[in-house]
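Chemist: My structure file my_file.txt, compact mmCIF, C-alpha atoms, is below:
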```txt
# COMPACT_ATOMS: atom_id res chain seq x y z
CA MET A 1 149.06 173.35 182.96
CA HIS A 2 146.52 175.38 180.96
CA LEU A 3 149.10 175.65 178.19
CA PHE A 4 149.20 171.88 177.68
CA LEU A 5 145.50 171.29 178.16
CA ASN A 6 144.66 173.55 175.20
CA PRO A 7 145.26 171.01 172.41
CA SER A 8 145.75 173.38 169.51
CA LYS A 9 147.27 176.84 169.25
CA ASN A 10 148.96 177.11 172.66
CA GLN A 11 150.72 173.79 172.31
CA THR A 12 151.88 174.52 168.77
CA THR A 13 153.26 177.94 169.74
CA TYR A 14 155.02 176.57 172.83
CA PHE A 15 156.76 173.70 171.07
CA SER A 16 157.55 175.75 167.98
CA ILE A 17 159.30 178.41 170.07
CA LEU A 18 161.09 175.79 172.17
CA PHE A 19 162.29 174.01 169.06
CA ALA A 20 163.31 177.31 167.47
CA ALA A 21 165.62 177.87 170.44
CA PHE A 22 167.97 175.15 169.18
CA PRO A 23 169.99 177.43 166.85
CA VAL A 24 170.51 179.78 169.81
CA SER A 25 171.41 176.84 172.05
CA PHE A 26 174.15 175.73 169.66
CA ILE A 27 175.74 179.15 170.08
CA ALA A 28 175.28 179.18 173.86
CA GLY A 29 176.94 175.80 174.40
CA ASN A 30 176.35 172.19 175.39
CA MET A 31 174.66 172.90 178.70
CA ILE A 32 171.96 175.00 177.01
CA ILE A 33 171.55 172.40 174.26
CA ASN A 34 170.96 169.75 176.94
CA ILE A 35 168.47 171.94 178.82
CA ASN A 36 166.58 172.62 175.59
CA THR A 37 166.58 168.90 174.77
CA ILE A 38 165.27 167.87 178.19
CA LEU A 39 162.53 170.52 178.09
CA ILE A 40 161.29 169.27 174.73
CA ILE A 41 161.37 165.62 175.84
CA LEU A 42 159.53 166.20 179.13
CA SER A 43 156.97 168.55 177.58
CA ALA A 44 156.38 166.24 174.62
CA PHE A 45 155.86 163.14 176.73
CA PHE A 46 153.40 165.06 178.91
CA ILE A 47 151.18 166.08 175.98
CA PHE A 48 151.48 162.60 174.46
CA LYS A 49 149.93 161.29 177.64
CA ILE A 50 147.06 163.79 177.89
CA ASN A 51 146.28 163.75 174.16
CA ASN A 52 146.68 159.99 173.64
CA PHE A 53 148.77 160.43 170.50
CA SER A 54 149.24 157.19 168.60
CA LEU A 55 152.77 155.89 168.08
CA LYS A 56 153.54 154.33 164.70
CA PHE A 57 157.02 152.92 164.26
CA PHE A 58 158.49 152.08 160.87
CA ILE A 59 161.58 150.10 159.90
CA GLU A 60 163.95 153.07 160.30
CA ASP A 61 162.51 153.80 163.76
CA LYS A 62 163.11 150.21 164.81
CA LEU A 63 166.67 150.38 163.51
CA ILE A 64 167.27 153.52 165.56
CA PHE A 65 165.94 151.71 168.63
CA LEU A 66 168.26 148.81 167.81
CA PHE A 67 171.25 151.15 167.53
CA PHE A 68 170.64 152.57 171.01
CA ILE A 69 170.26 149.05 172.42
CA LEU A 70 173.59 148.12 170.82
CA VAL A 71 175.25 151.25 172.27
CA PHE A 72 174.12 150.20 175.75
CA PHE A 73 175.14 146.56 175.24
CA SER A 74 178.60 147.47 173.89
CA SER A 75 179.09 149.88 176.80
CA VAL A 76 178.18 147.25 179.39
CA SER A 77 180.53 144.84 177.63
CA ALA A 78 183.33 147.42 177.76
CA ASP A 79 182.79 148.00 181.48
CA PHE A 80 182.91 144.25 182.06
CA PHE A 81 186.21 144.17 180.16
CA PHE A 82 187.60 146.97 182.34
CA TYR A 83 186.44 145.22 185.50
CA THR A 84 187.84 141.78 184.63
CA ASN A 85 191.15 143.31 183.58
CA LYS A 86 191.31 145.55 186.66
CA LEU A 87 191.55 148.74 184.60
CA PHE A 88 189.43 150.86 186.94
CA HIS A 89 192.05 153.57 187.51
CA GLU A 90 192.58 154.13 183.79
CA THR A 91 188.95 154.41 182.68
CA SER A 92 186.84 155.55 185.62
CA HIS A 93 186.76 159.33 184.99
CA GLY A 94 185.19 159.55 188.45
CA LEU A 95 182.36 157.13 187.62
CA GLY A 96 183.97 153.83 188.59
CA TYR A 97 183.66 150.60 186.64
CA LEU A 98 180.26 151.64 185.26
CA ALA A 99 181.57 154.75 183.50
CA THR A 100 180.77 153.68 179.94
CA SER A 101 177.38 152.19 180.88
CA ILE A 102 176.37 155.43 182.59
CA LYS A 103 177.39 157.41 179.50
CA SER A 104 175.26 155.12 177.33
CA LEU A 105 172.24 155.72 179.59
CA PHE A 106 172.63 159.48 179.23
CA PHE A 107 172.98 158.92 175.48
CA LEU A 108 169.37 157.64 175.47
CA LYS A 109 168.12 161.23 175.62
CA TYR A 110 168.78 161.48 171.88
CA LEU A 111 166.44 158.57 171.26
CA PHE A 112 163.74 160.32 173.28
CA LEU A 113 164.43 163.57 171.41
CA TYR A 114 164.05 161.76 168.08
CA ILE A 115 160.72 160.23 169.17
CA SER A 116 159.45 163.56 170.53
CA ILE A 117 160.23 165.60 167.41
CA LYS A 118 158.93 162.91 165.09
CA ILE A 119 155.56 162.62 166.84
CA LEU A 120 155.18 166.39 167.28
CA ILE A 121 155.57 166.93 163.53
CA GLU A 122 153.42 163.97 162.53
CA ASN A 123 150.60 165.25 164.76
CA LYS A 124 151.06 168.84 163.49
CA VAL A 125 151.94 170.18 166.92
CA LEU A 126 155.24 171.64 165.71
CA ASN A 127 155.40 174.51 163.22
CA LEU A 128 158.84 174.71 161.64
CA LYS A 129 158.37 178.32 160.55
CA TYR A 130 159.80 179.57 163.84
CA PHE A 131 162.80 177.28 163.45
CA PHE A 132 163.54 178.63 159.95
CA ILE A 133 163.32 182.21 161.21
CA SER A 134 165.57 181.45 164.17
CA CYS A 135 168.16 179.78 161.91
CA THR A 136 168.08 182.82 159.63
CA ILE A 137 168.61 185.32 162.45
CA CYS A 138 171.32 183.27 164.15
CA SER A 139 173.23 182.52 160.93
CA LEU A 140 173.21 186.18 159.93
CA PHE A 141 174.32 187.16 163.44
CA VAL A 142 177.24 184.71 163.51
CA SER A 143 178.33 185.72 160.00
CA ILE A 144 178.24 189.45 160.74
CA ASP A 145 179.91 188.91 164.13
CA ILE A 146 182.86 187.16 162.43
CA ILE A 147 183.29 190.09 160.04
CA ILE A 148 183.13 192.52 162.99
CA GLN A 149 185.80 190.47 164.77
CA LEU A 150 188.04 190.68 161.69
CA VAL A 151 187.59 194.44 161.28
CA PHE A 152 187.75 195.55 164.93
CA GLY A 153 189.84 192.77 166.45
CA LYS A 154 187.01 191.65 168.73
CA ASP A 155 183.39 190.60 168.28
CA VAL A 156 180.25 192.03 169.89
CA PHE A 157 180.81 189.89 173.02
CA GLY A 158 184.38 191.10 173.37
CA TYR A 159 186.04 187.90 172.11
CA GLU A 160 189.36 188.85 170.58
CA ILE A 161 191.11 187.15 167.69
CA ILE A 162 193.28 184.36 169.05
CA GLU A 163 196.91 185.30 168.49
CA GLY A 164 198.63 183.08 165.95
CA SER A 165 195.39 181.38 164.88
CA ARG A 166 194.30 181.13 161.25
CA LYS A 167 190.64 180.96 162.33
CA LEU A 168 188.04 183.34 163.75
CA GLY A 169 185.67 182.11 166.45
CA GLY A 170 183.13 184.94 166.50
CA PRO A 171 180.56 184.35 169.27
CA PHE A 172 182.09 180.91 170.00
CA GLY A 173 185.20 182.47 171.50
CA GLU A 174 188.13 180.05 171.63
CA GLU A 175 186.01 177.22 170.23
CA LEU A 176 186.72 177.72 166.54
CA ILE A 177 183.57 176.15 165.09
CA ALA A 178 181.82 179.17 163.58
CA GLY A 179 182.21 177.85 160.03
CA GLY A 180 180.54 174.58 160.94
CA TYR A 181 177.65 176.44 162.56
CA ILE A 182 177.08 178.60 159.47
CA GLN A 183 177.26 175.56 157.19
CA ARG A 184 174.66 173.73 159.28
CA PHE A 185 172.13 176.51 159.80
CA SER A 186 172.53 179.15 157.07
CA LEU A 187 170.77 177.13 154.36
CA PHE A 188 167.38 177.83 155.96
CA THR A 189 167.90 181.54 155.23
CA PHE A 190 167.50 180.90 151.50
CA PHE A 191 164.10 179.22 152.05
CA VAL A 192 162.42 181.20 154.82
CA LEU A 193 160.81 183.84 152.58
CA PRO A 194 159.70 181.64 149.65
CA ILE A 195 158.21 178.95 151.89
CA PHE A 196 156.57 180.80 154.75
CA PHE A 197 155.67 184.26 153.45
CA ASN A 198 153.33 185.24 150.65
CA LEU A 199 155.61 187.63 148.75
CA GLY A 200 153.24 188.57 145.94
CA LYS A 201 154.70 191.19 143.65
CA ILE A 202 158.04 191.42 145.45
CA LYS A 203 158.75 187.74 144.86
CA LYS A 204 161.27 188.52 142.10
CA ILE A 205 163.13 190.90 144.38
CA THR A 206 164.02 188.02 146.70
CA PHE A 207 166.20 186.52 143.98
CA PHE A 208 168.49 189.54 144.31
CA PHE A 209 169.04 188.69 147.95
CA LEU A 210 170.19 185.14 147.21
CA PRO A 211 173.62 186.18 145.82
CA ILE A 212 174.08 188.63 148.70
CA LEU A 213 173.37 185.92 151.26
CA PHE A 214 175.64 183.52 149.41
CA VAL A 215 178.50 186.05 149.48
CA LEU A 216 177.97 186.82 153.17
CA PHE A 217 177.95 183.18 154.27
CA SER A 218 180.86 182.26 151.98
CA ILE A 219 183.01 185.09 153.32
CA SER A 220 182.16 184.20 156.91
CA ILE A 221 183.03 180.50 156.51
CA ILE A 222 186.28 181.41 154.76
CA LEU A 223 187.18 183.82 157.59
CA ALA A 224 186.19 181.21 160.18
CA GLY A 225 188.86 178.99 158.62
CA ASN A 226 186.79 175.78 158.66
CA ARG A 227 187.82 174.47 155.25
CA ILE A 228 185.79 171.25 155.15
CA ASN A 229 182.68 173.23 156.09
CA LEU A 230 183.28 175.62 153.19
CA ILE A 231 183.43 172.66 150.80
CA LEU A 232 180.22 171.18 152.28
CA PHE A 233 178.45 174.56 152.10
CA LEU A 234 179.37 174.95 148.43
CA MET A 235 178.42 171.35 147.74
CA ILE A 236 174.90 171.63 149.14
CA VAL A 237 174.25 175.04 147.53
CA PHE A 238 175.32 173.79 144.11
CA LEU A 239 173.44 170.49 144.54
CA ILE A 240 170.26 172.46 145.21
CA LEU A 241 170.87 174.66 142.17
CA ILE A 242 171.41 171.62 139.97
CA SER A 243 168.46 169.66 141.38
CA HIS A 244 165.88 172.38 140.69
CA LYS A 245 165.28 173.30 137.09
CA GLN A 246 164.12 176.84 137.92
CA LEU A 247 167.35 177.49 139.84
CA ARG A 248 169.90 176.10 137.38
CA LYS A 249 170.24 179.47 135.69
CA PHE A 250 171.89 180.73 138.90
CA PHE A 251 174.61 178.07 138.89
CA LEU A 252 177.07 180.03 136.74
CA HIS A 253 176.34 183.26 138.62
CA PHE A 254 177.04 181.69 142.00
CA THR A 255 180.17 180.00 140.70
CA LEU A 256 181.59 183.27 139.37
CA ILE A 257 180.64 185.11 142.56
CA PHE A 258 182.45 182.59 144.73
CA VAL A 259 185.57 182.55 142.53
CA VAL A 260 185.81 186.35 142.72
CA VAL A 261 185.17 186.49 146.48
CA PHE A 262 187.61 183.70 147.29
CA THR A 263 190.32 185.13 145.00
CA LEU A 264 190.08 188.56 146.64
CA LEU A 265 190.19 187.16 150.17
CA PHE A 266 192.99 184.74 149.31
CA ASN A 267 195.19 187.46 147.83
CA PHE A 268 194.53 190.20 150.38
CA ASN A 269 194.53 188.21 153.63
CA SER A 270 197.71 186.32 154.54
CA GLU A 271 195.99 184.18 157.20
CA ILE A 272 193.42 182.92 154.70
CA LYS A 273 196.17 182.29 152.14
CA ASN A 274 198.22 180.25 154.62
CA ASN A 275 195.17 178.35 155.85
CA PHE A 276 194.07 177.19 152.41
CA ARG A 277 197.60 176.56 151.20
CA ASN A 278 198.07 174.26 154.19
CA PHE A 279 194.77 172.56 153.35
CA TYR A 280 195.88 172.00 149.78
CA GLY A 281 199.20 170.66 151.01
CA SER A 282 197.47 168.27 153.46
CA VAL A 283 195.16 166.91 150.77
CA THR A 284 197.94 166.35 148.23
CA SER A 285 200.10 164.83 150.96
CA MET A 286 197.37 162.36 151.92
CA ILE A 287 196.95 161.36 148.27
CA SER A 288 200.70 160.86 147.92
CA ILE A 289 200.93 158.92 151.17
CA SER A 290 198.16 156.55 150.10
CA LEU A 291 200.16 155.70 146.95
CA ILE A 292 203.41 154.91 148.75
CA GLU A 293 203.91 151.19 149.03
CA ASP A 294 206.60 151.33 151.72
CA LYS A 295 204.51 152.07 154.84
CA LYS A 296 207.66 152.91 156.84
CA THR A 297 208.28 155.98 154.69
CA ARG A 298 204.93 157.56 155.52
CA PRO A 299 205.23 160.79 157.49
CA LEU A 300 202.99 161.58 160.39
CA SER A 301 199.87 163.38 159.17
CA HIS A 302 196.11 163.54 159.59
CA PHE A 303 196.09 160.41 157.45
CA GLN A 304 197.94 158.58 160.22
CA GLU A 305 195.31 159.71 162.70
CA PHE A 306 192.61 158.14 160.51
CA SER A 307 194.65 154.97 160.16
CA THR A 308 194.77 154.28 163.92
CA PHE A 309 191.12 153.22 163.82
CA TYR A 310 191.86 149.89 162.09
CA GLU A 311 194.01 148.29 164.77
CA THR A 312 191.72 149.76 167.43
CA TRP A 313 188.65 148.29 165.72
CA LEU A 314 190.26 144.84 165.55
CA MET A 315 190.22 144.71 169.36
CA HIS A 316 186.37 144.67 169.42
CA LYS A 317 185.27 143.95 165.86
CA TYR A 318 181.60 143.10 166.26
CA ILE A 319 180.06 145.27 169.00
CA GLY A 320 182.82 147.81 169.52
CA GLY A 321 184.57 149.08 172.62
CA GLY A 322 181.78 151.29 173.95
CA ILE A 323 181.06 154.97 173.31
CA LYS A 324 183.89 157.43 173.91
CA ASN A 325 186.39 154.62 174.59
CA PHE A 326 188.41 155.04 171.40
CA ARG A 327 190.65 157.42 173.36
CA TYR A 328 191.57 154.49 175.65
CA PHE A 329 191.72 151.46 173.35
CA CYS A 330 193.70 153.32 170.67
CA HIS A 331 196.69 153.44 173.02
CA LYS A 332 196.27 149.76 173.94
CA ARG A 333 196.13 148.43 170.38
CA PRO A 334 198.93 146.24 169.01
CA VAL A 335 201.19 148.93 167.54
CA LYS A 336 202.86 147.81 164.31
CA ASN A 337 204.38 151.13 163.38
CA GLU A 338 206.10 153.31 165.96
CA GLN A 339 204.85 156.49 164.31
CA LYS A 340 201.24 155.41 164.90
CA GLN A 341 201.91 155.41 168.64
CA TYR A 342 201.59 159.19 168.56
CA ALA A 343 198.63 159.38 166.20
CA CYS A 344 195.96 158.55 168.81
CA ASN A 345 193.38 161.18 169.58
CA MET A 346 190.05 161.40 171.39
CA HIS A 347 188.31 159.92 168.32
CA PRO A 348 189.31 159.00 164.73
CA HIS A 349 187.84 162.22 163.26
CA ASN A 350 185.33 160.48 161.02
CA TYR A 351 181.78 159.46 161.97
CA TYR A 352 181.94 156.06 160.30
CA LEU A 353 185.35 155.10 161.65
CA GLU A 354 184.28 156.14 165.15
CA ILE A 355 181.01 154.19 164.95
CA LEU A 356 182.96 151.16 163.71
CA THR A 357 185.46 151.26 166.59
CA GLU A 358 182.92 152.06 169.32
CA THR A 359 179.86 150.02 168.24
CA GLY A 360 181.53 147.53 165.91
CA VAL A 361 180.42 146.08 162.59
CA PHE A 362 176.86 145.67 163.87
CA GLY A 363 176.66 149.37 164.79
CA LEU A 364 178.03 150.50 161.44
CA VAL A 365 175.61 148.26 159.52
CA ILE A 366 172.66 149.63 161.52
CA ILE A 367 173.69 153.27 161.03
CA LEU A 368 174.32 152.77 157.30
CA SER A 369 170.91 151.11 156.98
CA ILE A 370 169.25 154.08 158.72
CA PHE A 371 171.06 156.55 156.46
CA ILE A 372 170.29 154.62 153.25
CA ILE A 373 166.59 154.27 154.13
CA THR A 374 166.41 157.98 154.98
CA PHE A 375 168.13 158.91 151.72
CA TYR A 376 165.70 156.70 149.78
CA LYS A 377 162.60 158.06 151.51
CA THR A 378 163.67 161.67 151.08
CA PHE A 379 166.06 162.49 148.22
CA TYR A 380 165.11 159.56 145.98
CA LYS A 381 161.36 160.03 146.42
CA LYS A 382 161.63 163.80 146.15
CA TYR A 383 163.77 164.00 143.02
CA ILE A 384 163.69 160.63 141.26
CA THR A 385 160.16 159.24 141.62
CA ARG A 386 156.73 160.80 141.53
CA SER A 387 155.43 161.07 145.08
CA SER A 388 153.71 163.47 147.45
CA LEU A 389 157.13 164.91 148.32
CA LYS A 390 157.43 166.48 144.87
CA GLU A 391 155.53 169.59 145.97
CA ASN A 392 156.98 169.73 149.48
CA LYS A 393 159.45 172.62 149.64
CA LEU A 394 159.79 172.40 153.40
CA ILE A 395 161.85 169.24 153.24
CA ILE A 396 164.47 170.55 150.77
CA PRO A 397 167.03 172.14 153.15
CA PHE A 398 166.82 169.17 155.51
CA ILE A 399 167.55 166.72 152.68
CA PHE A 400 170.73 168.48 151.61
CA LEU A 401 171.93 169.19 155.13
CA PHE A 402 171.47 165.50 155.85
CA ILE A 403 173.58 164.62 152.79
CA ALA A 404 176.31 167.01 153.96
CA GLU A 405 176.23 165.60 157.50
CA ILE A 406 176.59 161.95 156.45
CA PHE A 407 179.09 162.65 153.67
CA PRO A 408 181.65 159.89 154.27
CA ILE A 409 184.87 161.47 152.97
CA LYS A 410 185.39 164.26 155.46
CA SER A 411 187.03 164.98 158.76
CA THR A 412 184.46 165.34 161.55
CA GLY A 413 184.12 165.84 165.27
CA SER A 414 182.97 162.96 167.43
CA PHE A 415 179.62 161.40 166.51
CA PHE A 416 178.85 160.95 170.20
CA THR A 417 179.26 164.57 171.37
CA THR A 418 176.31 166.71 172.46
CA GLY A 419 176.30 169.09 169.49
CA ASN A 420 176.80 166.52 166.75
CA THR A 421 174.41 163.88 168.08
CA THR A 422 171.68 166.44 168.78
CA TYR A 423 171.97 167.88 165.28
CA ILE A 424 172.00 164.49 163.54
CA PHE A 425 168.93 163.14 165.32
CA LEU A 426 167.06 166.44 164.88
CA ILE A 427 167.62 166.25 161.13
CA LEU A 428 166.68 162.57 161.04
CA ALA A 429 163.48 163.10 163.04
CA ILE A 430 162.33 166.03 160.90
CA LEU A 431 163.13 164.32 157.60
CA LEU A 432 161.39 161.06 158.41
CA ALA A 433 158.40 162.81 159.98
CA LEU A 434 157.94 165.02 156.91
CA THR A 435 157.90 161.98 154.62
CA ARG A 436 154.84 160.74 156.53
CA ASN A 437 153.15 164.11 156.79
CA ASP A 438 151.73 165.03 153.38
CA ASN A 439 150.02 168.14 154.69
CA SER A 440 153.01 170.29 155.41
CA ILE A 441 152.61 173.61 157.19
CA GLU A 442 154.07 175.87 154.53
CA ASN A 443 152.70 179.40 154.21
CA LYS A 444 150.67 179.04 157.41
CA PRO A 445 150.96 181.58 160.22
```
Rewrite the structure from the file as structure tokens, please.

Modeler:
Amino acid sequence: MHLFLNPSKNQTTYFSILFAAFPVSFIAGNMIININTILIILSAFFIFKINNFSLKFFIEDKLIFLFFILVFFSSVSADFFFYTNKLFHETSHGLGYLATSIKSLFFLKYLFLYISIKILIENKVLNLKYFFISCTICSLFVSIDIIIQLVFGKDVFGYEIIEGSRKLGGPFGEELIAGGYIQRFSLFTFFVLPIFFNLGKIKKITFFFLPILFVLFSISIILAGNRINLILFLMIVFLILISHKQLRKFFLHFTLIFVVVFTLLFNFNSEIKNNFRNFYGSVTSMISISLIEDKKTRPLSHFQEFSTFYETWLMHKYIGGGIKNFRYFCHKRPVKNEQKQYACNMHPHNYYLEILTETGVFGLVIILSIFIITFYKTFYKKYITRSSLKENKLIIPFIFLFIAEIFPIKSTGSFFTTGNTTYIFLILAILLALTRNDNSIENKP
């Protein structure tokens, strides 16, 4: 109790450490992510009450509220559909006719997380320095652990390389998502020293560490085998180099470094060679398939998996079929091509296609509006116009990670899973809060 009643240092330290636990939570798994989320929400709402923090909601906040209302409404509608069509046994998952509605209620925790983080930052209760440090330590750990797994056949936790797999899981074991983790959290490593520590005379030395870090993270993502994440990592690094005049001189250096590293790994590791050859083949195949006029000649591919969304979406065009119901409605859609019968999966492997099928046109319009407003208030105001964000270095990694996360032309996991939803609303909350908080906490202990 004393911790929360002290309105300054104790509260800031507590929330900063709790928030900094998120990178660790993403390694530990969904249960730990949920525990961390609930702790932040309950703690935040408690101090909001005792400190009488004011709540100011802007257009993007209202749109986020509207999206969660739509998620609940579409879920209730889906449950009503299941009930009236007597589909209880096919959709219950142990929760009865209210399965989708119950899932939508649990989904509300991400709205509360967004509100909590936003208000904590706006009221200067949250110091992001600890989060940057945690991301740095965790990203370095995961990267080194992957290399250890390659060299010794097992990582520091004893996870062995999965036989026949082209990917390394590192500390994630059989869940082969290490590349995605590094892509999402490693960028903070490049900013932690310049932003939060007064380097003085050794400032120039830090520039020698940038190529080393770039090599380490690039190698680790390549070994992890997550090809889309490698592309996104390179994209955001090069976008940052291009966007900042003082960093453009490093563009050629980083390009040459990556070409050399990738060439060596590609030629000396057969698993990496096969993995990226398959990726190249899949991409060229998808391009060829899209140009074939005779739909019956299309082979089954990841492209077919994407294509199943359209007929599924047509079943509930405006408000969708409820969260996590794509896996059901996809099999019930009017099948026009026998090959598509086997292309159904748990979700369509793209955020926008999934949002369209599960929350309808209204959901997609709301989400796109949120993303466009966020892009305008962050990237556009930071790099195009003259605003208070010009001198804010703290916001830079969040801007580019946000761009990578909402990049439309990529294969993704489900938008509505614990890890993805938590990450997206964390980034959104921080970005939008920083645009309203001119006095950032850079270089403060």

Chemist: Just give me the gap between atom CA of Ser411 of chain A and atom CA of Leu63 of chain A in Å, one decimal is fine.

Modeler: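 The value is 25.5 Å.
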
Chemist: What separation in Å, quoted to one decimal, exists between atom CA of Ala433 of chain A and atom CA of Phe407 of chain A?

Modeler: 21.6 Å

Chemist: Up to 7 Å from (163.1, 175.9, 174.5) in the file's coordinates: name the residues, counting only C-alpha atoms, as a VMD selection string.

Modeler: chain A and resid 17 to 19 21 36 39 to 40

Chemist: If you measure from atom CA of Tyr318 of chain A to atom CA of Ile409 of chain A, what distance in Å do you get, rounded to one decimal?

Modeler: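 A separation of 22.9 Å between them.
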
Chemist: As a PyMOL selection string, please: the residues near Leu230 of chain A (cut-off 9 Å, only C-alpha atoms, same-chain neighbours under 6 positions excluded).

Modeler: chain A and resi 179-180+183+218+221-222

Chemist: Quick one: residues within 8 Å of (182.3, 147.4, 169.6) (file frame), counting all atoms listed in the file, please, as a list of chain:residue names.

Modeler: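 Residues lying no farther than 8 Å from the given point: A:Ser74, A:Trp313, A:His316, A:Lys317, A:Tyr318, A:Ile319, A:Gly320, A:Gly321, A:Gly322, A:Leu356, A:Thr357, A:Glu358, A:Thr359, A:Gly360, A:Val361, A:Gly363.
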
Chemist: Next, the residues of the selection above should be written as an mmCIF file, in the frame of the given file with C-alpha atoms.

Modeler:
```cif
data_model
loop_
_atom_site.group_PDB
_atom_site.id
_atom_site.type_symbol
_atom_site.label_atom_id
_atom_site.label_comp_id
_atom_site.auth_asym_id
_atom_site.auth_seq_id
_atom_site.Cartn_x
_atom_site.Cartn_y
_atom_site.Cartn_z
ATOM 1 C CA SER A 74 178.600 147.470 173.890
ATOM 2 C CA TRP A 313 188.650 148.290 165.720
ATOM 3 C CA HIS A 316 186.370 144.670 169.420
ATOM 4 C CA LYS A 317 185.270 143.950 165.860
ATOM 5 C CA TYR A 318 181.600 143.100 166.260
ATOM 6 C CA ILE A 319 180.060 145.270 169.000
ATOM 7 C CA GLY A 320 182.820 147.810 169.520
ATOM 8 C CA GLY A 321 184.570 149.080 172.620
ATOM 9 C CA GLY A 322 181.780 151.290 173.950
ATOM 10 C CA LEU A 356 182.960 151.160 163.710
ATOM 11 C CA THR A 357 185.460 151.260 166.590
ATOM 12 C CA GLU A 358 182.920 152.060 169.320
ATOM 13 C CA THR A 359 179.860 150.020 168.240
ATOM 14 C CA GLY A 360 181.530 147.530 165.910
ATOM 15 C CA VAL A 361 180.420 146.080 162.590
ATOM 16 C CA GLY A 363 176.660 149.370 164.790
#
```

Chemist: Pick the closest to Phe326 of chain A from A:Thr100, A:Asn30, A:Thr263, A:Asn420: which is it, counting all atoms listed in the file?

Modeler: A:Thr100

Chemist: Please determine, counting all atoms listed in the file, which residue among A:Ala178, A:Leu55, A:Cys344, A:Val125 has the shortest atom-to-atom distance to Phe141 of chain A.

Modeler: A:Ala178

Chemist: Put the listed atoms of segment 82-86 of chain A in a box along x, y and z with 3 Å added on every side and give me the centre and edge lengths in Å to one decimal, as AutoDock Vina command-line options.

Modeler:
```
--center_x 188.9 --center_y 144.4 --center_z 184.5 --size_x 10.9 --size_y 11.2 --size_z 10.3
```

Chemist: Tell me which of A:Leu252, A:Leu364, A:Leu213, A:Ile370 sits closest to Phe238 of chain A, counting only C-alpha atoms.

Modeler: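 Among the listed residues, A:Leu252 lies closest to Phe238 of chain A.
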
Chemist: Give me, as a list in words, all polymer residues having an atom no more than 7 Å from Ile33 of chain A, counting all atoms listed in the file and skipping those fewer than 6 positions away in the same chain.

Modeler: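 In the requested form, the answer reads Phe22, Ser25 and Phe26 of chain A.
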
Chemist: Between A:Thr412, A:Ile41, A:Ala429, A:Glu271, which has the minimum distance to Ser165 of chain A (counting only C-alpha atoms)?

Modeler: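 Of A:Thr412, A:Ile41, A:Ala429, A:Glu271, the one nearest Ser165 of chain A, counting only C-alpha atoms, is A:Glu271.
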
Chemist: Within 12 Å of Lys118 of chain A, counting all atoms listed in the file, which residues qualify if same-chain residues fewer than 6 places away don't, as a VMD selection string?

Modeler: chain A and resid 40 to 41 44 48 53 to 58 61 111 to 112 124 to 126 425 to 437
